[in-house]
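So the structure is just underneath, and the comments pick up after that.
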Amino acid sequence: MALPKKDLAILEYIYDKSCGDLDQPVDVWVHFDIDEFRPALRRLKAGGLINLHSIADDYTISHFGLGQVSELRAGRLNGPARMAMLRNSVVLWLYDCYIGDLGPVSTEEFSATDKASFLGQPYRGREVELAVEYLRSVGLIRGLQVDQSSHLFSPSLTARGIDCAESEKTVSDFLNPPAAGGATFNVRVDGSQNVVVGTQSDFTQNNTSGIDPAVLAQLTHFASLARQGAPSYGLGEEQQVEVERIAGELEVEAGGEAPDRGRLRGLTDRLVAALAPAAGTALGGMVMSIGEQAAQAIAG
């Protein structure tokens with residue numbers, strides 16, 4: 001689940017101050033400004049991530065909120081995913097500069113943008129330097145290097161870099177397009193139905209959304225798998241119904257003539273979150289992984 005920066009700051013504060021104790025109340029206003037953060041607190045409460053403990057305006061973290069923070073912090077340790085997202089973000093930042101006719105002085109300026117974080121955590125300087133060097137080495141960006149600096153001065157996208165940004169693919173997928181006609185295979189989980197998991201190569205769709213059809217196919221594939229496997233995740237009845245409902249909505253949106261990118265992002269994030277309790281099972285973990293890749297793809 002993608003949370004706004006302020007929402008995430010409060011949620012993690014409550015988590016840390018309560019040490020993950022569901023019954024430990026936390027006074028958030030000793031640390032946050034009431035006028036600035038009150039809307040964020042309301043959103044967290046409406047989303048079931050925190051609970052009001054007393055009329056004194058103390059809050060406790062919920063089971064759902066606890067799971068979200070734990071998942072978030074585990075995700076931040078995923079180095080390859082972190083670097084992959086960083087490379088995408090640098091390309092998109094330079095594309096915004098290209099469209100806006102802006103000329104950044106150096107790639108160091110990236111760290112001050114709203115794209116310079118992964119799951120709410122800022123990228124380290126060394127990470128940005130490595131991403132810049134990689135993108136330069138594969139011919140997506142260019143600029144001047146001075147005194148052995150890893151940063152580039154007067155950075156810009158190459159023609160190939162512009163193509164990458166406008167393809168709406170990840171840097172990795174743009175540089176290494178998946179082979180057509182991927183294999184499909186069956187995964188058998190004891191006590192469950194068979195669920196087909198794999199790549200989808202026969203997806204065709206006419207749409208006017210401007211979204212890469214390959215991304216739409218990826219989202220449809222994820223939604224279909226999640227729905228098919230719902231009875232096999234060991235979820236409670238309400239959780240299973242929720243997974244099936246969101247998966248159905250995502251399939252319909254991705255298969256429409258004019259799918260909305262924002263709605264696709266929201267539904268994908270919600271479906272990944274709904275599957276989180278099943279991540280410990282063989283099938284659930286596999287479908288979760290496919291869902292996280294789909295979420296990254298639609299996020300650009």
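FYI, nothing fancy with the structure tokens labels: chains A, B, ... in order, residues from 1 per chain, ligands from 1 as they appear.
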
For Gly48 of chain A, find every residue with an atom within 12 Å (counting only C-alpha atoms), except residues of its own chain fewer than 4 positions away, and show them as a list in words.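 Listing them by chain and then by number gives Leu11, Leu41, Arg42, Arg43, Leu44, Leu52, Tyr59, Thr60, Ile61, Ser62, His63, Phe64, Gly65, Leu66, Gly67 and Gln68 of chain A.
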
Please write the residues from the selection above to a file, keeping N, CA, C and O atoms, as a PDB file, in the first residue's frame.
ATOM      1  N   LEU A  11       2.459   7.019  10.889  1.00  0.00           N
ATOM      2  CA  LEU A  11       2.296   5.587  11.118  1.00  0.00           C
ATOM      3  C   LEU A  11       3.567   4.975  11.700  1.00  0.00           C
ATOM      4  O   LEU A  11       3.510   4.207  12.668  1.00  0.00           O
ATOM      5  N   LEU A  41      -3.690  11.927   9.808  1.00  0.00           N
ATOM      6  CA  LEU A  41      -4.147  11.056  10.880  1.00  0.00           C
ATOM      7  C   LEU A  41      -5.551  10.520  10.576  1.00  0.00           C
ATOM      8  O   LEU A  41      -5.840   9.335  10.808  1.00  0.00           O
ATOM      9  N   ARG A  42      -6.392  11.374  10.036  1.00  0.00           N
ATOM     10  CA  ARG A  42      -7.749  10.937   9.687  1.00  0.00           C
ATOM     11  C   ARG A  42      -7.717   9.871   8.593  1.00  0.00           C
ATOM     12  O   ARG A  42      -8.483   8.906   8.630  1.00  0.00           O
ATOM     13  N   ARG A  43      -6.829  10.046   7.626  1.00  0.00           N
ATOM     14  CA  ARG A  43      -6.723   9.047   6.557  1.00  0.00           C
ATOM     15  C   ARG A  43      -6.254   7.695   7.098  1.00  0.00           C
ATOM     16  O   ARG A  43      -6.751   6.637   6.707  1.00  0.00           O
ATOM     17  N   LEU A  44      -5.299   7.722   8.005  1.00  0.00           N
ATOM     18  CA  LEU A  44      -4.797   6.480   8.593  1.00  0.00           C
ATOM     19  C   LEU A  44      -5.887   5.767   9.388  1.00  0.00           C
ATOM     20  O   LEU A  44      -6.017   4.544   9.321  1.00  0.00           O
ATOM     21  N   LEU A  52      -8.199   5.091  17.385  1.00  0.00           N
ATOM     22  CA  LEU A  52      -8.268   6.095  18.445  1.00  0.00           C
ATOM     23  C   LEU A  52      -8.356   5.375  19.782  1.00  0.00           C
ATOM     24  O   LEU A  52      -9.232   4.539  19.991  1.00  0.00           O
ATOM     25  N   TYR A  59      -3.376   7.412  20.118  1.00  0.00           N
ATOM     26  CA  TYR A  59      -3.681   6.418  19.085  1.00  0.00           C
ATOM     27  C   TYR A  59      -2.847   5.158  19.278  1.00  0.00           C
ATOM     28  O   TYR A  59      -1.729   5.199  19.813  1.00  0.00           O
ATOM     29  N   THR A  60      -3.421   4.042  18.841  1.00  0.00           N
ATOM     30  CA  THR A  60      -2.692   2.773  18.842  1.00  0.00           C
ATOM     31  C   THR A  60      -2.602   2.271  17.408  1.00  0.00           C
ATOM     32  O   THR A  60      -3.432   2.607  16.566  1.00  0.00           O
ATOM     33  N   ILE A  61      -1.602   1.460  17.148  1.00  0.00           N
ATOM     34  CA  ILE A  61      -1.474   0.878  15.813  1.00  0.00           C
ATOM     35  C   ILE A  61      -2.370  -0.355  15.731  1.00  0.00           C
ATOM     36  O   ILE A  61      -2.581  -1.057  16.720  1.00  0.00           O
ATOM     37  N   SER A  62      -2.941  -0.603  14.558  1.00  0.00           N
ATOM     38  CA  SER A  62      -3.825  -1.750  14.369  1.00  0.00           C
ATOM     39  C   SER A  62      -3.028  -2.942  13.844  1.00  0.00           C
ATOM     40  O   SER A  62      -1.856  -2.825  13.480  1.00  0.00           O
ATOM     41  N   HIS A  63      -3.688  -4.115  13.790  1.00  0.00           N
ATOM     42  CA  HIS A  63      -3.047  -5.289  13.197  1.00  0.00           C
ATOM     43  C   HIS A  63      -2.633  -4.991  11.758  1.00  0.00           C
ATOM     44  O   HIS A  63      -1.539  -5.350  11.325  1.00  0.00           O
ATOM     45  N   PHE A  64      -3.519  -4.325  11.024  1.00  0.00           N
ATOM     46  CA  PHE A  64      -3.243  -3.998   9.628  1.00  0.00           C
ATOM     47  C   PHE A  64      -2.064  -3.040   9.524  1.00  0.00           C
ATOM     48  O   PHE A  64      -1.163  -3.208   8.698  1.00  0.00           O
ATOM     49  N   GLY A  65      -2.055  -2.015  10.389  1.00  0.00           N
ATOM     50  CA  GLY A  65      -0.955  -1.051  10.382  1.00  0.00           C
ATOM     51  C   GLY A  65       0.367  -1.692  10.745  1.00  0.00           C
ATOM     52  O   GLY A  65       1.412  -1.387  10.160  1.00  0.00           O
ATOM     53  N   LEU A  66       0.313  -2.612  11.714  1.00  0.00           N
ATOM     54  CA  LEU A  66       1.525  -3.333  12.119  1.00  0.00           C
ATOM     55  C   LEU A  66       2.097  -4.115  10.942  1.00  0.00           C
ATOM     56  O   LEU A  66       3.306  -4.094  10.682  1.00  0.00           O
ATOM     57  N   GLY A  67       1.209  -4.788  10.210  1.00  0.00           N
ATOM     58  CA  GLY A  67       1.655  -5.563   9.060  1.00  0.00           C
ATOM     59  C   GLY A  67       2.222  -4.678   7.968  1.00  0.00           C
ATOM     60  O   GLY A  67       3.219  -5.036   7.324  1.00  0.00           O
ATOM     61  N   GLN A  68       1.596  -3.512   7.759  1.00  0.00           N
ATOM     62  CA  GLN A  68       2.076  -2.604   6.719  1.00  0.00           C
ATOM     63  C   GLN A  68       3.465  -2.076   7.022  1.00  0.00           C
ATOM     64  O   GLN A  68       4.327  -2.010   6.139  1.00  0.00           O
TER      65      GLN A  68
END

Considering only C-alpha atoms, give me a table of residues in segment 138-184 of chain A that are at most 9 Å from segment 76-96 of chain A, with the closest atom pair and distance in Å for each, as a Markdown table.
| residue | atom | partner | partner_atom | distance |
| --- | --- | --- | --- | --- |
| A:Leu140 | CA | A:Val91 | CA | 7.8 |
| A:Ile141 | CA | A:Val91 | CA | 7.8 |
| A:Pro155 | CA | A:Leu94 | CA | 7.8 |
| A:Ser156 | CA | A:Leu94 | CA | 6.1 |
| A:Leu157 | CA | A:Leu94 | CA | 6.3 |
| A:Gly161 | CA | A:Val91 | CA | 7.1 |
| A:Ile162 | CA | A:Tyr95 | CA | 6.8 |
| A:Cys164 | CA | A:Val91 | CA | 8.0 |
| A:Ala165 | CA | A:Leu92 | CA | 6.1 |
| A:Glu166 | CA | A:Tyr95 | CA | 8.7 |
| A:Lys169 | CA | A:Asn88 | CA | 8.8 |
| A:Thr170 | CA | A:Asn88 | CA | 6.1 |
| A:Val171 | CA | A:Asn88 | CA | 5.8 |
| A:Ser172 | CA | A:Ala84 | CA | 7.4 |

For the residues selected in the previous step, produce a file with N, CA, C and O atoms as a PDB file, in the first residue's frame.
ATOM      1  N   LEU A 140      21.624   5.966 -21.641  1.00  0.00           N
ATOM      2  CA  LEU A 140      20.315   6.600 -21.444  1.00  0.00           C
ATOM      3  C   LEU A 140      20.441   8.056 -21.023  1.00  0.00           C
ATOM      4  O   LEU A 140      19.517   8.846 -21.260  1.00  0.00           O
ATOM      5  N   ILE A 141      21.548   8.414 -20.369  1.00  0.00           N
ATOM      6  CA  ILE A 141      21.753   9.809 -19.977  1.00  0.00           C
ATOM      7  C   ILE A 141      23.162  10.241 -20.367  1.00  0.00           C
ATOM      8  O   ILE A 141      24.035   9.409 -20.626  1.00  0.00           O
ATOM      9  N   PRO A 155      23.253  17.457 -16.890  1.00  0.00           N
ATOM     10  CA  PRO A 155      22.756  16.146 -17.321  1.00  0.00           C
ATOM     11  C   PRO A 155      21.507  16.265 -18.183  1.00  0.00           C
ATOM     12  O   PRO A 155      20.716  17.203 -18.041  1.00  0.00           O
ATOM     13  N   SER A 156      21.332  15.305 -19.076  1.00  0.00           N
ATOM     14  CA  SER A 156      20.126  15.250 -19.899  1.00  0.00           C
ATOM     15  C   SER A 156      19.951  13.831 -20.409  1.00  0.00           C
ATOM     16  O   SER A 156      20.869  13.005 -20.347  1.00  0.00           O
ATOM     17  N   LEU A 157      18.764  13.547 -20.913  1.00  0.00           N
ATOM     18  CA  LEU A 157      18.505  12.245 -21.525  1.00  0.00           C
ATOM     19  C   LEU A 157      19.059  12.217 -22.939  1.00  0.00           C
ATOM     20  O   LEU A 157      19.023  13.217 -23.656  1.00  0.00           O
ATOM     21  N   GLY A 161      17.298   7.550 -24.081  1.00  0.00           N
ATOM     22  CA  GLY A 161      16.714   7.772 -22.762  1.00  0.00           C
ATOM     23  C   GLY A 161      15.304   8.319 -22.848  1.00  0.00           C
ATOM     24  O   GLY A 161      14.429   7.953 -22.053  1.00  0.00           O
ATOM     25  N   ILE A 162      15.071   9.203 -23.827  1.00  0.00           N
ATOM     26  CA  ILE A 162      13.718   9.728 -24.045  1.00  0.00           C
ATOM     27  C   ILE A 162      12.787   8.597 -24.464  1.00  0.00           C
ATOM     28  O   ILE A 162      11.652   8.489 -23.983  1.00  0.00           O
ATOM     29  N   CYS A 164      13.089   5.528 -23.655  1.00  0.00           N
ATOM     30  CA  CYS A 164      12.871   4.705 -22.450  1.00  0.00           C
ATOM     31  C   CYS A 164      11.767   5.312 -21.592  1.00  0.00           C
ATOM     32  O   CYS A 164      10.845   4.619 -21.160  1.00  0.00           O
ATOM     33  N   ALA A 165      11.851   6.621 -21.344  1.00  0.00           N
ATOM     34  CA  ALA A 165      10.843   7.287 -20.514  1.00  0.00           C
ATOM     35  C   ALA A 165       9.463   7.198 -21.149  1.00  0.00           C
ATOM     36  O   ALA A 165       8.467   6.921 -20.472  1.00  0.00           O
ATOM     37  N   GLU A 166       9.396   7.414 -22.460  1.00  0.00           N
ATOM     38  CA  GLU A 166       8.102   7.435 -23.132  1.00  0.00           C
ATOM     39  C   GLU A 166       7.537   6.044 -23.395  1.00  0.00           C
ATOM     40  O   GLU A 166       6.361   5.898 -23.706  1.00  0.00           O
ATOM     41  N   LYS A 169       8.084   1.772 -19.718  1.00  0.00           N
ATOM     42  CA  LYS A 169       8.652   0.535 -19.193  1.00  0.00           C
ATOM     43  C   LYS A 169       9.693   0.865 -18.139  1.00  0.00           C
ATOM     44  O   LYS A 169      10.195   1.991 -18.071  1.00  0.00           O
ATOM     45  N   THR A 170      10.021  -0.116 -17.312  1.00  0.00           N
ATOM     46  CA  THR A 170      11.132   0.075 -16.403  1.00  0.00           C
ATOM     47  C   THR A 170      12.417   0.110 -17.215  1.00  0.00           C
ATOM     48  O   THR A 170      12.460  -0.365 -18.362  1.00  0.00           O
ATOM     49  N   VAL A 171      13.471   0.659 -16.639  1.00  0.00           N
ATOM     50  CA  VAL A 171      14.761   0.691 -17.334  1.00  0.00           C
ATOM     51  C   VAL A 171      15.188  -0.720 -17.703  1.00  0.00           C
ATOM     52  O   VAL A 171      15.653  -0.993 -18.811  1.00  0.00           O
ATOM     53  N   SER A 172      15.025  -1.651 -16.775  1.00  0.00           N
ATOM     54  CA  SER A 172      15.428  -3.031 -17.020  1.00  0.00           C
ATOM     55  C   SER A 172      14.659  -3.639 -18.184  1.00  0.00           C
ATOM     56  O   SER A 172      15.239  -4.279 -19.067  1.00  0.00           O
TER      57      SER A 172
END

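Note that atom CA of Ile298 of chain A and atom CA of Glu108 of chain A are 26.6 Å apart.
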
Val128 of chain A environment, 8 Å, only C-alpha atoms, sequence neighbours closer than 4 positions dropped, as a PyMOL selection string: chain A and resi 86+111+123-124+132

Expected file contents, prior selection, C-alpha atoms, as a compact mmCIF listing (two decimals), in the first residue's frame:
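File part20.txt, as written:
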# COMPACT_ATOMS: atom_id res chain seq x y z
CA LEU A 86 16.04 4.57 -8.38
CA SER A 111 18.26 14.09 -4.20
CA TYR A 123 18.13 7.23 -1.26
CA ARG A 124 21.71 7.43 -0.04
CA VAL A 132 23.81 7.77 -12.54

Point-to-point distance in Å for atom CA of Leu152 of chain A and atom CA of Thr107 of chain A: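 The value is 5.6 Å.
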
Interatomic distance between atom CA of Gln121 of chain A and atom CA of Leu267 of chain A?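 Separation of atom CA of Gln121 of chain A and atom CA of Leu267 of chain A: 23.1 Å.
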
Any chance you could list, as number ranges by chain, the residues in segment 55-279 of chain A that come up strand (DSSP E) when DSSP is run on the backbone? A: 58-61, 117-118, 121-122, 141-144, 153-157, 184-187, 195-198

Which residue of A:Ala56, A:Val28, A:Val243, A:Ala295 approaches Ser224 of chain A most closely, using only C-alpha atoms: A:Val243

Among listed residues A:Gly100, A:Gly120, A:Gly47, A:Gly229, nearest Ala9 of chain A (using only C-alpha atoms):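 Distance minimum relative to Ala9 of chain A lands on A:Gly120.
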
Among the residues of segment 20-238 of chain A, find those DSSP assigns to helix (DSSP H, G or I) from the backbone and print them as a VMD selection string. chain A and resid 28 to 30 34 to 46 63 to 76 79 to 99 107 to 112 125 to 137 159 to 167 171 to 175 213 to 232 237 to 238

Considering only C-alpha atoms, can you say which of A:Asp33, A:Asp173, A:Asp147, A:Asp7 comes closest to Val69 of chain A?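 Using only C-alpha atoms, Val69 of chain A sits closest to A:Asp7.
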
Between A:Val138, A:Leu219, A:Met286, A:Ile50, which is the closest to Gln24 of chain A once you count only C-alpha atoms?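 Comparing A:Val138, A:Leu219, A:Met286, A:Ile50 against Gln24 of chain A, the winner is A:Ile50.
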
Near segment 208-218 of chain A, within 8 Å and counting only C-alpha atoms, which residues show up once chain neighbours fewer than 5 positions away are dropped, as a ChimeraX atom specification? /A:167-169,200,203,254-255,257-261,294,297-298

Could you save the residues just selected, with N, CA and C atoms, as an mmCIF file, in the first residue's frame?
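So result-v7.cif came out as:
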data_model
loop_
_atom_site.group_PDB
_atom_site.id
_atom_site.type_symbol
_atom_site.label_atom_id
_atom_site.label_comp_id
_atom_site.auth_asym_id
_atom_site.auth_seq_id
_atom_site.Cartn_x
_atom_site.Cartn_y
_atom_site.Cartn_z
ATOM 1 N N SER A 167 8.367 5.020 -23.221
ATOM 2 C CA SER A 167 7.878 3.649 -23.384
ATOM 3 C C SER A 167 7.040 3.203 -22.199
ATOM 4 N N GLU A 168 7.176 3.940 -21.071
ATOM 5 C CA GLU A 168 6.492 3.601 -19.825
ATOM 6 C C GLU A 168 6.925 2.237 -19.292
ATOM 7 N N LYS A 169 8.084 1.772 -19.718
ATOM 8 C CA LYS A 169 8.652 0.535 -19.193
ATOM 9 C C LYS A 169 9.693 0.865 -18.139
ATOM 10 N N GLN A 200 2.118 -14.288 -19.689
ATOM 11 C CA GLN A 200 0.927 -14.271 -20.530
ATOM 12 C C GLN A 200 1.307 -13.639 -21.860
ATOM 13 N N PHE A 203 -2.254 -11.884 -24.737
ATOM 14 C CA PHE A 203 -3.139 -10.793 -24.333
ATOM 15 C C PHE A 203 -3.198 -9.755 -25.455
ATOM 16 N N ALA A 254 -8.262 -2.917 -16.149
ATOM 17 C CA ALA A 254 -7.144 -3.145 -17.080
ATOM 18 C C ALA A 254 -7.632 -3.596 -18.446
ATOM 19 N N GLY A 255 -8.801 -4.233 -18.505
ATOM 20 C CA GLY A 255 -9.322 -4.730 -19.770
ATOM 21 C C GLY A 255 -10.236 -3.764 -20.486
ATOM 22 N N GLU A 257 -11.510 -0.156 -22.429
ATOM 23 C CA GLU A 257 -11.002 0.562 -23.596
ATOM 24 C C GLU A 257 -10.156 1.761 -23.207
ATOM 25 N N ALA A 258 -10.427 2.352 -22.052
ATOM 26 C CA ALA A 258 -9.661 3.523 -21.615
ATOM 27 C C ALA A 258 -9.335 3.403 -20.131
ATOM 28 N N PRO A 259 -8.472 2.462 -19.763
ATOM 29 C CA PRO A 259 -8.130 2.284 -18.346
ATOM 30 C C PRO A 259 -7.434 3.519 -17.770
ATOM 31 N N ASP A 260 -7.744 3.837 -16.523
ATOM 32 C CA ASP A 260 -7.188 5.000 -15.850
ATOM 33 C C ASP A 260 -5.952 4.593 -15.058
ATOM 34 N N ARG A 261 -4.831 5.252 -15.319
ATOM 35 C CA ARG A 261 -3.581 4.871 -14.668
ATOM 36 C C ARG A 261 -3.663 4.996 -13.143
ATOM 37 N N ALA A 294 4.100 -6.041 -10.813
ATOM 38 C CA ALA A 294 3.052 -5.327 -11.552
ATOM 39 C C ALA A 294 2.879 -3.907 -11.013
ATOM 40 N N ALA A 297 5.578 -1.796 -12.304
ATOM 41 C CA ALA A 297 5.414 -1.522 -13.740
ATOM 42 C C ALA A 297 4.405 -0.390 -13.980
ATOM 43 N N ILE A 298 3.269 -0.401 -13.296
ATOM 44 C CA ILE A 298 2.262 0.631 -13.531
ATOM 45 C C ILE A 298 2.682 1.943 -12.897
#

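Residues in contact with Leu119 of chain A at up to 9 Å, not including ones fewer than 3 positions away on its chain and judged by only C-alpha atoms, are Ala2, Leu3, Leu72, Arg73, Gly75, Arg76, Arg82 and Pro122 of chain A.
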
Can I get the selected residues back with N, CA, C and O atoms, as a tab-separated table (two decimals), in the first residue's frame?
chain	number	residue	atom	x	y	z
A	2	ALA	N	0.73	2.11	-0.99
A	2	ALA	CA	1.51	3.32	-1.07
A	2	ALA	C	0.84	4.40	-0.22
A	2	ALA	O	-0.32	4.72	-0.42
A	3	LEU	N	1.58	4.96	0.73
A	3	LEU	CA	1.04	5.99	1.61
A	3	LEU	C	1.74	7.32	1.34
A	3	LEU	O	2.94	7.35	1.05
A	72	LEU	N	6.75	-2.89	4.93
A	72	LEU	CA	7.44	-1.74	4.37
A	72	LEU	C	8.93	-1.78	4.70
A	72	LEU	O	9.79	-1.61	3.83
A	73	ARG	N	9.24	-2.05	5.95
A	73	ARG	CA	10.65	-2.04	6.38
A	73	ARG	C	11.42	-3.23	5.82
A	73	ARG	O	12.61	-3.12	5.54
A	75	GLY	N	10.69	-4.45	2.88
A	75	GLY	CA	10.85	-4.08	1.48
A	75	GLY	C	12.00	-3.13	1.26
A	75	GLY	O	12.68	-3.17	0.22
A	76	ARG	N	12.26	-2.25	2.21
A	76	ARG	CA	13.36	-1.29	2.08
A	76	ARG	C	14.72	-1.97	2.03
A	76	ARG	O	15.69	-1.39	1.54
A	82	ARG	N	15.23	-1.67	-4.85
A	82	ARG	CA	15.51	-0.28	-4.50
A	82	ARG	C	16.30	0.41	-5.63
A	82	ARG	O	15.97	1.51	-6.05
A	122	PRO	N	14.68	8.07	2.03
A	122	PRO	CA	15.52	8.74	1.02
A	122	PRO	C	16.65	7.82	0.54
A	122	PRO	O	17.18	7.02	1.30
